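A.B. asks: Dropping the structure in here first, questions after.
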Amino acid sequence: TSSHLIPQNAPTLAGFVMQNTKDKDLVILMQAIALCCKQISTAVKRAGIAKLYGLAGEQNSTGDDQKKLDVMSNEIMTNALRNSGVCAVLVSEEDEEPIIVPEGNQGKYCVAFDPLDGSSNIDCNVSVGTIFGVYEKKEGSVGTTADILRGGDDMLCAGYCVYSSAVELVFAFKGGGVHCFCLDPSIGEFINSRVMKFPEGGGKKIYSCNEGNSEKWDQPIKDCVEAFKIGEKPYAARYTGSMVADIHRTLLYGGIFMYPADKKSPKGKLRILYEGFPMAMLIEQCGGIASTGLFNGSFQRILDVVPGHIHDRCPIIMGGERDVNFFYSFYENAG
Ligand code: AHM
Ligand code: MG
């Protein structure tokens, strides 16, 4: 039998969430997100067969509209969260405007998400992921953009799901540690598989960034990346182009992930609400540092940034203490 493959005492996601909160709405929300991740994972696996690669606007043989994987993932998330009865405001990378859930169906949560992050990897079957951050709307609010345009420390919960050789859902409740659930395809359940924590001492020496942009970086960033490559045991370069996969590896193995500001993009590339904040919360709760690097004249904690608009960006330098402090040292040296 295969029963020995299923750990007998590991809780399911639903069991774990129920044990760790008294808030029934949070249980409903996490179940809705987990269900979306299962649906997206199935869509990702079947994408080649269902002709979901890069084909929005075309029709299949039976005349149905074909939807691109990212469009479909967005519909899965927005429909599920809108209908969950526990959400008020939804911000998706795929939608220009926020979705305000109508009064009758409205609950207290505001969720920012990137339904399928890693757009350059979608069509070539390299890991992609879903990222989310959760807030509670302000007291008395009917649900507006102001409920979600807040500092990262106001997030109650954040996480991501990585669609890779295994599907893993990683999340944290504020202050509650970072937990990883692996989708067991034989029973369709997320099973608690490991606790995430930065490896002692900083872990593997890995740097992760799109070095093709280096020409436009500030000199200290260039110097830091050059320094990673010298010495007896230089750092390894690892960069998939999917933030979810690169952060997942960083949390498990150690190292540093960077998407810095550069001369052309003074705010960097990645979005605050559904890329920077959720990953910063997980990195910090695992014992790491999540910084903007030098941004508007100072080094800021990512979670202290307040987004000006829902799709606002900020530069990202995140990873273990050893490596982020090494990064900072190039600015001190630069005087
Ligand atoms: P996306 O939201 O369009 O997918 O862009 C976000 C992605 C991240 O997952 C990744 O870290 C980064 O963009 C990669 O960008 P680049 O191709 O410039 O290296
Ligand atoms: Mg994205």
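Residue numbering restarts at 1 in every chain; chains get A, B, ... in the order shown in the structure tokens, and ligands count up from 1 in that same order.
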Can you check which residues of segment 135-244 of chain A DSSP gives as helix (DSSP H, G or I) on the backbone and send them as a PyMOL selection string?
C.D. replies: chain A and resi 145-147+152-154+200-202+211-216+219-228+243-244
A.B. asks: Determine, counting only C-alpha atoms, which protein, DNA and RNA residues have an atom within 12 Å of an atom of Phe330 of chain A; residues of the same chain fewer than 2 positions away are not included. Present the result as an NGL selection string.
C.D. replies: :A and (218-228 or 293-294 or 323-328 or 332-335)
A.B. asks: Please, which residues have at least one atom within 10 Å of an atom of ligand 2, using only C-alpha atoms and all ligand atoms, listed as JSON, numbers by chain?
C.D. replies: {"A": [92, 93, 94, 113, 114, 115, 116, 117, 118, 119, 120, 128, 129, 130, 131, 242, 243, 244, 269, 270, 271, 274, 275, 276]}
A.B. asks: Using only C-alpha atoms, pick whichever of A:Gln31, A:Ile317, A:Gly107, A:Asn125 has the shortest atom-to-atom distance to Ala43 of chain A.
C.D. replies: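 Of all the options, A:Asn125 lies closest to Ala43 of chain A.
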A.B. asks: Closest to ligand 1 among A:Ile122, A:Cys182, A:Leu273, A:Met196, using only C-alpha atoms and all ligand atoms?
C.D. replies: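 Among the listed residues, the smallest separation from ligand 1 belongs to A:Ile122.
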A.B. asks: Near Cys36 of chain A, within 8 Å and counting only C-alpha atoms, which residues show up once chain neighbours fewer than 3 positions away are dropped, as a PyMOL selection string?
C.D. replies: chain A and resi 32-33+39-40+76-77+80
A.B. asks: In Å, with one decimal, what is the gap from atom CA of Gly176 of chain A to atom CA of Val91 of chain A?
C.D. replies: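 Distance reported for this atom pair: 24.3 Å.
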A.B. asks: Restricting the calculation to only C-alpha atoms, which member of A:Pro234, A:Pro260, A:Gly288, A:Gly175 is positioned closest to Cys314 of chain A?
C.D. replies: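 Ranking A:Pro234, A:Pro260, A:Gly288, A:Gly175 by distance to Cys314 of chain A, first place goes to A:Pro260.
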